$ cat entry-v4.cif   # mmCIF, C-alpha atoms (C1' of nucleotides)
data_start
#
loop_
_atom_site.group_PDB
_atom_site.id
_atom_site.type_symbol
_atom_site.label_atom_id
_atom_site.label_comp_id
_atom_site.auth_asym_id
_atom_site.auth_seq_id
_atom_site.Cartn_x
_atom_site.Cartn_y
_atom_site.Cartn_z
ATOM 1 C CA MET A 781 112.558 82.300 119.168
ATOM 2 C CA ARG A 782 112.775 86.076 119.146
ATOM 3 C CA GLU A 783 110.430 86.409 122.115
ATOM 4 C CA VAL A 784 112.188 83.658 124.075
ATOM 5 C CA LEU A 785 115.599 85.271 123.616
ATOM 6 C CA LEU A 786 114.263 88.640 124.685
ATOM 7 C CA ASP A 787 112.514 87.060 127.660
ATOM 8 C CA ILE A 788 115.760 85.457 128.804
ATOM 9 C CA TYR A 789 117.551 88.776 128.425
ATOM 10 C CA ARG A 790 114.960 90.654 130.452
ATOM 11 C CA ARG A 791 115.036 88.077 133.236
ATOM 12 C CA LEU A 792 118.818 88.118 133.484
ATOM 13 C CA TYR A 793 118.954 91.897 133.394
ATOM 14 C CA GLU A 794 116.366 92.117 136.107
ATOM 15 C CA ALA A 795 118.205 89.565 138.246
ATOM 16 C CA TYR A 796 121.742 90.875 137.854
ATOM 17 C CA GLY A 797 121.502 94.419 136.493
ATOM 18 C CA PRO A 798 123.951 96.032 134.047
ATOM 19 C CA GLN A 799 127.360 94.324 133.971
ATOM 20 C CA ASN A 800 129.390 97.234 132.552
ATOM 21 C CA TRP A 801 131.520 95.155 130.210
ATOM 22 C CA TRP A 802 134.256 94.824 129.007
ATOM 23 C CA PRO A 803 136.477 95.389 132.051
ATOM 24 C CA GLY A 804 139.370 97.294 130.468
ATOM 25 C CA GLU A 805 140.603 100.866 130.239
ATOM 26 C CA THR A 806 141.588 100.948 126.568
ATOM 27 C CA GLN A 807 140.738 99.190 123.339
ATOM 28 C CA PHE A 808 144.125 97.547 123.380
ATOM 29 C CA GLU A 809 143.603 96.260 126.890
ATOM 30 C CA VAL A 810 140.293 94.727 125.805
ATOM 31 C CA ILE A 811 142.045 92.914 122.965
ATOM 32 C CA VAL A 812 144.812 91.646 125.240
ATOM 33 C CA GLY A 813 142.211 90.501 127.764
ATOM 34 C CA ALA A 814 140.214 88.721 125.061
ATOM 35 C CA ILE A 815 143.238 86.642 124.106
ATOM 36 C CA LEU A 816 144.383 85.990 127.663
ATOM 37 C CA THR A 817 140.969 84.871 128.898
ATOM 38 C CA GLN A 818 140.812 81.890 126.558
ATOM 39 C CA GLN A 819 139.855 78.887 128.699
ATOM 40 C CA VAL A 820 140.937 80.665 131.880
ATOM 41 C CA SER A 821 139.212 82.401 134.773
ATOM 42 C CA TRP A 822 139.068 86.165 134.598
ATOM 43 C CA ASN A 823 140.754 86.330 137.978
ATOM 44 C CA ALA A 824 143.942 84.965 136.416
ATOM 45 C CA VAL A 825 143.654 87.404 133.522
ATOM 46 C CA GLU A 826 143.442 90.361 135.872
ATOM 47 C CA ARG A 827 146.723 89.447 137.470
ATOM 48 C CA ALA A 828 148.393 89.092 134.097
ATOM 49 C CA ILE A 829 147.002 92.436 132.937
ATOM 50 C CA THR A 830 148.260 94.120 136.101
ATOM 51 C CA ALA A 831 151.705 92.621 135.548
ATOM 52 C CA LEU A 832 151.803 93.883 131.965
ATOM 53 C CA LYS A 833 150.728 97.359 133.079
ATOM 54 C CA ASP A 834 153.259 97.452 135.912
ATOM 55 C CA ASN A 835 155.936 96.747 133.333
ATOM 56 C CA GLY A 836 154.702 99.388 130.910
ATOM 57 C CA LEU A 837 153.676 96.839 128.307
ATOM 58 C CA MET A 838 149.989 97.641 127.883
ATOM 59 C CA GLN A 839 150.541 99.500 124.612
ATOM 60 C CA PRO A 840 151.040 98.016 121.151
ATOM 61 C CA GLU A 841 154.402 99.756 120.706
ATOM 62 C CA SER A 842 156.025 98.557 123.922
ATOM 63 C CA LEU A 843 154.515 95.072 123.811
ATOM 64 C CA ALA A 844 155.777 94.665 120.254
ATOM 65 C CA ARG A 845 159.304 95.351 121.501
ATOM 66 C CA ALA A 846 159.142 92.912 124.440
ATOM 67 C CA SER A 847 160.445 89.389 123.964
ATOM 68 C CA ILE A 848 158.084 86.429 123.916
ATOM 69 C CA GLU A 849 159.910 85.035 126.934
ATOM 70 C CA ARG A 850 159.375 88.184 128.962
ATOM 71 C CA ILE A 851 155.703 88.377 128.035
ATOM 72 C CA ALA A 852 155.217 84.697 128.861
ATOM 73 C CA LEU A 853 156.736 85.197 132.296
ATOM 74 C CA LEU A 854 154.391 88.083 133.075
ATOM 75 C CA ILE A 855 151.238 86.316 131.918
ATOM 76 C CA ARG A 856 151.956 83.007 133.618
ATOM 77 C CA PRO A 857 148.723 82.906 135.631
ATOM 78 C CA THR A 858 146.787 82.543 132.349
ATOM 79 C CA VAL A 859 147.827 78.886 132.031
ATOM 80 C CA TYR A 860 148.873 78.525 128.402
ATOM 81 C CA TYR A 861 151.293 81.360 128.767
ATOM 82 C CA ASN A 862 153.782 80.370 126.079
ATOM 83 C CA GLN A 863 150.993 79.927 123.551
ATOM 84 C CA LYS A 864 149.326 83.171 124.525
ATOM 85 C CA ALA A 865 152.555 85.163 124.338
ATOM 86 C CA LYS A 866 152.852 83.969 120.744
ATOM 87 C CA LYS A 867 149.237 84.878 120.076
ATOM 88 C CA LEU A 868 149.753 88.420 121.338
ATOM 89 C CA LYS A 869 152.788 88.712 119.083
ATOM 90 C CA ALA A 870 150.818 87.397 116.121
ATOM 91 C CA PHE A 871 148.196 90.104 116.604
ATOM 92 C CA LEU A 872 150.864 92.797 116.944
ATOM 93 C CA LYS A 873 152.475 91.579 113.745
ATOM 94 C CA LEU A 874 149.211 92.016 111.843
ATOM 95 C CA LEU A 875 148.782 95.455 113.357
ATOM 96 C CA GLU A 876 152.263 96.569 112.387
ATOM 97 C CA ARG A 877 152.511 94.998 108.943
ATOM 98 C CA ARG A 878 149.103 95.922 107.605
ATOM 99 C CA TYR A 879 148.123 98.980 109.633
ATOM 100 C CA GLN A 880 151.447 100.551 110.602
ATOM 101 C CA GLY A 881 150.600 99.947 114.239
ATOM 102 C CA ASN A 882 147.489 102.113 113.958
ATOM 103 C CA LEU A 883 144.894 100.328 116.088
ATOM 104 C CA LYS A 884 142.123 102.812 115.248
ATOM 105 C CA GLU A 885 142.554 102.140 111.562
ATOM 106 C CA LEU A 886 142.146 98.400 112.119
ATOM 107 C CA LEU A 887 139.170 98.709 114.457
ATOM 108 C CA THR A 888 137.233 101.067 112.175
ATOM 109 C CA LEU A 889 137.092 98.540 109.354
ATOM 110 C CA PRO A 890 133.558 97.390 108.501
ATOM 111 C CA LEU A 891 132.414 94.432 110.601
ATOM 112 C CA PRO A 892 132.818 91.634 108.015
ATOM 113 C CA GLU A 893 136.268 92.857 106.952
ATOM 114 C CA LEU A 894 137.471 93.282 110.526
ATOM 115 C CA ARG A 895 136.165 89.849 111.508
ATOM 116 C CA ALA A 896 137.988 88.234 108.588
ATOM 117 C CA GLU A 897 141.153 90.151 109.432
ATOM 118 C CA LEU A 898 141.024 89.045 113.089
ATOM 119 C CA LEU A 899 140.290 85.431 112.165
ATOM 120 C CA SER A 900 143.399 85.388 109.992
ATOM 121 C CA VAL A 901 145.572 85.872 113.086
ATOM 122 C CA HIS A 902 147.093 82.824 114.770
ATOM 123 C CA GLY A 903 145.376 82.407 118.110
ATOM 124 C CA ILE A 904 142.265 84.415 117.337
ATOM 125 C CA GLY A 905 139.311 82.121 116.755
ATOM 126 C CA LYS A 906 135.641 82.943 116.401
ATOM 127 C CA GLU A 907 134.857 83.732 120.015
ATOM 128 C CA THR A 908 137.925 85.895 120.524
ATOM 129 C CA ALA A 909 137.279 87.693 117.225
ATOM 130 C CA ASP A 910 133.673 88.426 118.193
ATOM 131 C CA SER A 911 134.743 89.623 121.650
ATOM 132 C CA ILE A 912 137.157 92.067 120.040
ATOM 133 C CA LEU A 913 134.542 93.161 117.506
ATOM 134 C CA LEU A 914 131.914 93.775 120.161
ATOM 135 C CA TYR A 915 133.881 95.039 123.127
ATOM 136 C CA ALA A 916 136.899 96.751 121.550
ATOM 137 C CA ALA A 917 135.531 97.909 118.205
ATOM 138 C CA GLY A 918 131.928 98.473 119.311
ATOM 139 C CA LYS A 919 130.412 96.495 116.449
ATOM 140 C CA PRO A 920 127.259 94.347 116.716
ATOM 141 C CA SER A 921 128.810 90.886 116.593
ATOM 142 C CA PHE A 922 127.265 88.432 119.055
ATOM 143 C CA VAL A 923 129.709 86.453 121.203
ATOM 144 C CA VAL A 924 129.079 82.757 121.829
ATOM 145 C CA ASP A 925 130.983 81.032 124.611
ATOM 146 C CA ALA A 926 130.760 77.878 126.719
ATOM 147 C CA TYR A 927 128.254 79.498 129.090
ATOM 148 C CA THR A 928 126.010 80.476 126.183
ATOM 149 C CA ARG A 929 125.969 76.873 124.984
ATOM 150 C CA ARG A 930 125.373 75.401 128.409
ATOM 151 C CA ILE A 931 122.603 77.790 129.381
ATOM 152 C CA LEU A 932 120.743 77.494 126.071
ATOM 153 C CA ALA A 933 121.155 73.724 126.101
ATOM 154 C CA ARG A 934 119.703 73.451 129.610
ATOM 155 C CA LEU A 935 116.805 75.585 128.459
ATOM 156 C CA GLY A 936 116.251 73.099 125.637
ATOM 157 C CA LEU A 937 116.741 75.763 122.958
ATOM 158 C CA ILE A 938 119.755 74.087 121.385
ATOM 159 C CA GLU A 939 121.341 70.660 121.535
ATOM 160 C CA GLY A 940 124.630 72.162 122.623
ATOM 161 C CA SER A 941 127.104 70.783 120.111
ATOM 162 C CA GLU A 942 126.023 72.971 117.191
ATOM 163 C CA PRO A 943 128.743 74.796 115.260
ATOM 164 C CA TYR A 944 129.713 78.210 116.614
ATOM 165 C CA GLU A 945 128.326 80.086 113.621
ATOM 166 C CA LYS A 946 124.943 78.435 113.941
ATOM 167 C CA ILE A 947 124.456 79.651 117.514
ATOM 168 C CA ARG A 948 125.775 83.125 116.705
ATOM 169 C CA THR A 949 123.346 83.328 113.806
ATOM 170 C CA LEU A 950 120.505 82.231 116.050
ATOM 171 C CA PHE A 951 121.037 85.322 118.191
ATOM 172 C CA MET A 952 121.797 87.708 115.365
ATOM 173 C CA GLU A 953 118.797 86.716 113.249
ATOM 174 C CA ASN A 954 116.430 87.020 116.181
ATOM 175 C CA LEU A 955 117.722 90.149 117.865
ATOM 176 C CA PRO A 956 118.184 93.684 116.544
ATOM 177 C CA ALA A 957 121.802 94.493 115.625
ATOM 178 C CA ASN A 958 122.315 96.599 118.714
ATOM 179 C CA VAL A 959 125.778 96.893 120.265
ATOM 180 C CA GLN A 960 124.522 97.690 123.752
ATOM 181 C CA LEU A 961 122.103 94.739 123.673
ATOM 182 C CA TYR A 962 124.766 92.290 122.484
ATOM 183 C CA ASN A 963 127.218 93.672 125.010
ATOM 184 C CA GLU A 964 124.890 93.266 127.948
ATOM 185 C CA TYR A 965 123.402 89.965 126.800
ATOM 186 C CA HIS A 966 126.721 88.155 126.583
ATOM 187 C CA ALA A 967 127.944 89.674 129.836
ATOM 188 C CA LEU A 968 124.744 88.575 131.575
ATOM 189 C CA LEU A 969 125.066 85.034 130.229
ATOM 190 C CA VAL A 970 128.583 84.844 131.644
ATOM 191 C CA ARG A 971 127.456 86.285 134.966
ATOM 192 C CA HIS A 972 124.584 83.812 135.149
ATOM 193 C CA GLY A 973 126.814 80.944 134.060
ATOM 194 C CA LYS A 974 129.478 81.674 136.656
ATOM 195 C CA GLU A 975 127.074 82.280 139.455
ATOM 196 C CA ARG A 976 124.216 79.884 138.842
ATOM 197 C CA CYS A 977 124.787 77.551 135.917
ATOM 198 C CA ARG A 978 128.187 75.939 136.305
ATOM 199 C CA LYS A 979 129.100 72.599 134.793
ATOM 200 C CA ARG A 980 129.082 70.520 137.928
ATOM 201 C CA SER A 981 127.201 72.602 140.440
ATOM 202 C CA PRO A 982 124.141 74.325 139.023
ATOM 203 C CA ARG A 983 122.360 76.290 141.726
ATOM 204 C CA CYS A 984 118.826 75.973 140.518
ATOM 205 C CA ASP A 985 117.118 77.281 143.646
ATOM 206 C CA SER A 986 115.214 80.467 142.782
ATOM 207 C CA CYS A 987 117.043 80.735 139.450
ATOM 208 C CA PRO A 988 115.708 83.567 137.268
ATOM 209 C CA LEU A 989 115.326 81.054 134.413
ATOM 210 C CA GLU A 990 114.031 78.196 136.552
ATOM 211 C CA ASP A 991 110.603 77.780 134.982
ATOM 212 C CA LEU A 992 112.133 77.780 131.479
ATOM 213 C CA CYS A 993 114.783 75.177 132.328
ATOM 214 C CA GLN A 994 114.512 71.633 130.993
ATOM 215 C CA SER A 995 117.154 70.063 133.209
ATOM 216 C CA VAL A 996 116.331 71.044 136.750
ATOM 217 C CA ARG A 997 118.391 69.079 139.223
ATOM 218 C "C1'" DG B 360 143.858 64.689 144.654
ATOM 219 C "C1'" DC B 361 140.412 66.149 141.399
ATOM 220 C "C1'" DC B 362 137.845 69.224 138.543
ATOM 221 C "C1'" DC B 363 137.470 73.133 135.868
ATOM 222 C "C1'" DA B 364 137.946 77.908 134.248
ATOM 223 C "C1'" DG B 365 134.699 83.872 129.602
ATOM 224 C "C1'" DG B 366 139.494 78.702 123.490
ATOM 225 C "C1'" DG B 367 142.325 77.743 119.703
ATOM 226 C "C1'" DG B 368 145.474 75.150 116.710
ATOM 227 C "C1'" DG B 369 146.747 70.995 114.557
ATOM 228 C "C1'" DC B 370 145.973 66.556 113.290
ATOM 229 C "C1'" DT B 371 143.264 62.395 111.444
ATOM 230 C "C1'" DC B 372 139.324 60.330 109.356
ATOM 231 C "C1'" DG C 1193 132.476 68.631 109.861
ATOM 232 C "C1'" DA C 1194 133.530 65.495 114.068
ATOM 233 C "C1'" DG C 1195 136.734 63.759 117.252
ATOM 234 C "C1'" DC C 1196 140.793 63.566 119.306
ATOM 235 C "C1'" DC C 1197 145.267 65.705 121.812
ATOM 236 C "C1'" DC C 1198 148.106 69.636 123.296
ATOM 237 C "C1'" DC C 1199 148.795 73.846 125.865
ATOM 238 C "C1'" DA C 1200 150.245 73.563 131.503
ATOM 239 C "C1'" DT C 1201 148.270 77.777 136.389
ATOM 240 C "C1'" DG C 1202 145.498 78.371 140.305
ATOM 241 C "C1'" DG C 1203 141.177 78.284 143.055
ATOM 242 C "C1'" DG C 1204 137.438 75.576 145.061
#

$ encode --input "entry-v4.cif" --output "structure tokens"
Amino acid sequence: MREVLLDIYRRLYEAYGPQNWWPGETQFEVIVGAILTQQVSWNAVERAITALKDNGLMQPESLARASIERIALLIRPTVYYNQKAKKLKAFLKLLERRYQGNLKELLTLPLPELRAELLSVHGIGKETADSILLYAAGKPSFVVDAYTRRILARLGLIEGSEPYEKIRTLFMENLPANVQLYNEYHALLVRHGKERCRKRSPRCDSCPLEDLCQSVR
DNA sequence: GCCCAGGGGGCTC
DNA sequence: GAGCCCCATGGG
């Protein structure tokens, strides 16, 4: 399995090059983006992030003072805007109550402690927690998303419906705990998924993983 | 008009 | 755990 996972990584890297993730200027912006991108295209998230910035709300202090209604209005392109406004507030509440608003203090916790702390927040599930761990805190926590499942399933490496933790463990037990590798690997899977391995319209012509794929259409 | 996009919570069994 | 529903915009 180790060699297969590394082979996939090399092929994707060769095909697409470095992805320079996560798109975001600050750690806080990465966290906000991780919550807003749940089940939504990144294009919509970008508009919401721009709106928050234009209104001076891309800092924990100012966002904590804004009303849920105002936040919801600004992040409307991200679909579940009322839910996500609450989720942002839930994270800010944790930050304020347990870390006095000190984001650095939270993000420098050891990986297992930080993951548990993030998972305790309403609206932060496993994928969002791992995205924050990897891309905001710089810790080697592999991120599993819908593209990861679909691509690995089409390669015949997994069934597809396995629990999140099982797939995360598959990567983490077979790859070195390297932040840059995890960063690039997940970003490449998303790039490949968006561009070549979508749900309805897989473009299998000259796909970098073509000869590994079990479900060529 | 339909499908789907870088999920998560809450509920039932 | 597995299997449902809910959330509720915008682009292809």

$ residues_around --input "entry-v4.cif" --residues "region 967-981 of chain A" --least-positions-apart "2" --cutoff "9 Å" --atoms "only C-alpha atoms (C1' of nucleotides)" --output "PyMOL selection string"
(chain A and resi 789+792-793+796-802+925-928+930-931+962-965+983-985+987) or (chain B and resi 362-363+365)

$ resolve_selection --input "entry-v4.cif" --expression "the PyMOL selection byres ((chain A) within 10 of (chain C))" --output "list of chain:residue names"
A:Val820, A:Ser821, A:Asn823, A:Ala824, A:Arg856, A:Pro857, A:Thr858, A:Val859, A:Tyr860, A:Tyr861, A:Asn862, A:Gln863, A:Lys864, A:Pro943

$ write_last_selection --input "entry-v4.cif" --atoms "C-alpha atoms" --output "mmCIF file, in the coordinates of the input"
data_model
loop_
_atom_site.group_PDB
_atom_site.id
_atom_site.type_symbol
_atom_site.label_atom_id
_atom_site.label_comp_id
_atom_site.auth_asym_id
_atom_site.auth_seq_id
_atom_site.Cartn_x
_atom_site.Cartn_y
_atom_site.Cartn_z
ATOM 1 C CA VAL A 820 140.937 80.665 131.880
ATOM 2 C CA SER A 821 139.212 82.401 134.773
ATOM 3 C CA ASN A 823 140.754 86.330 137.978
ATOM 4 C CA ALA A 824 143.942 84.965 136.416
ATOM 5 C CA ARG A 856 151.956 83.007 133.618
ATOM 6 C CA PRO A 857 148.723 82.906 135.631
ATOM 7 C CA THR A 858 146.787 82.543 132.349
ATOM 8 C CA VAL A 859 147.827 78.886 132.031
ATOM 9 C CA TYR A 860 148.873 78.525 128.402
ATOM 10 C CA TYR A 861 151.293 81.360 128.767
ATOM 11 C CA ASN A 862 153.782 80.370 126.079
ATOM 12 C CA GLN A 863 150.993 79.927 123.551
ATOM 13 C CA LYS A 864 149.326 83.171 124.525
ATOM 14 C CA PRO A 943 128.743 74.796 115.260
#

$ atom_distance --input "entry-v4.cif" --atom1 "CA of Val825 (chain A)" --atom2 "CA of Val812 (chain A)"
9.4 Å

$ residues_around --input "entry-v4.cif" --residues "Gly905 (chain A)" --least-positions-apart "2" --cutoff "10 Å" --atoms "all atoms listed in the file" --output "list in words"
Ile815, Gln818, Arg895, Leu898, Leu899, Ser900, Val901, His902, Gly903, Glu907, Thr908, Ala909 and Asp910 of chain A; DG366, DG367 and DG368 of chain B

$ resolve_selection --input "entry-v4.cif" --expression "the PyMOL selection byres ((chain A and resi 873-886) around 12)" --output "PyMOL selection string"
chain A and resi 806-809+811+839-845+866-872+887-891+893-902+904+912-913+916-918

$ residues_around --input "entry-v4.cif" --residues "region 951-960 of chain A" --least-positions-apart "3" --cutoff "7 Å" --atoms "only C-alpha atoms (C1' of nucleotides)" --output "list in words"
Met781, Arg782, Leu914, Gly918, Lys919, Pro920, Phe922, Ile947, Arg948, Asn963 and Glu964 of chain A

$ decode --input "entry-v4.cif" --residues "chain C" --atoms "C-alpha atoms (C1' of nucleotides)" --output "PDB file, in the first residue's frame"
ATOM      1  C1'  DG C1193     -22.170   2.072  13.208  1.00  0.00           C
ATOM      2  C1'  DA C1194     -25.624   2.738   9.174  1.00  0.00           C
ATOM      3  C1'  DG C1195     -29.202   5.294   7.153  1.00  0.00           C
ATOM      4  C1'  DC C1196     -31.992   8.873   6.782  1.00  0.00           C
ATOM      5  C1'  DC C1197     -33.231  14.286   6.619  1.00  0.00           C
ATOM      6  C1'  DC C1198     -31.979  19.175   7.121  1.00  0.00           C
ATOM      7  C1'  DC C1199     -29.285  23.176   5.887  1.00  0.00           C
ATOM      8  C1'  DA C1200     -30.845  26.377   1.274  1.00  0.00           C
ATOM      9  C1'  DT C1201     -26.711  29.488  -3.058  1.00  0.00           C
ATOM     10  C1'  DG C1202     -24.869  29.532  -7.527  1.00  0.00           C
ATOM     11  C1'  DG C1203     -22.527  27.612 -11.658  1.00  0.00           C
ATOM     12  C1'  DG C1204     -22.546  24.263 -15.416  1.00  0.00           C
TER      13       DG C1204
END
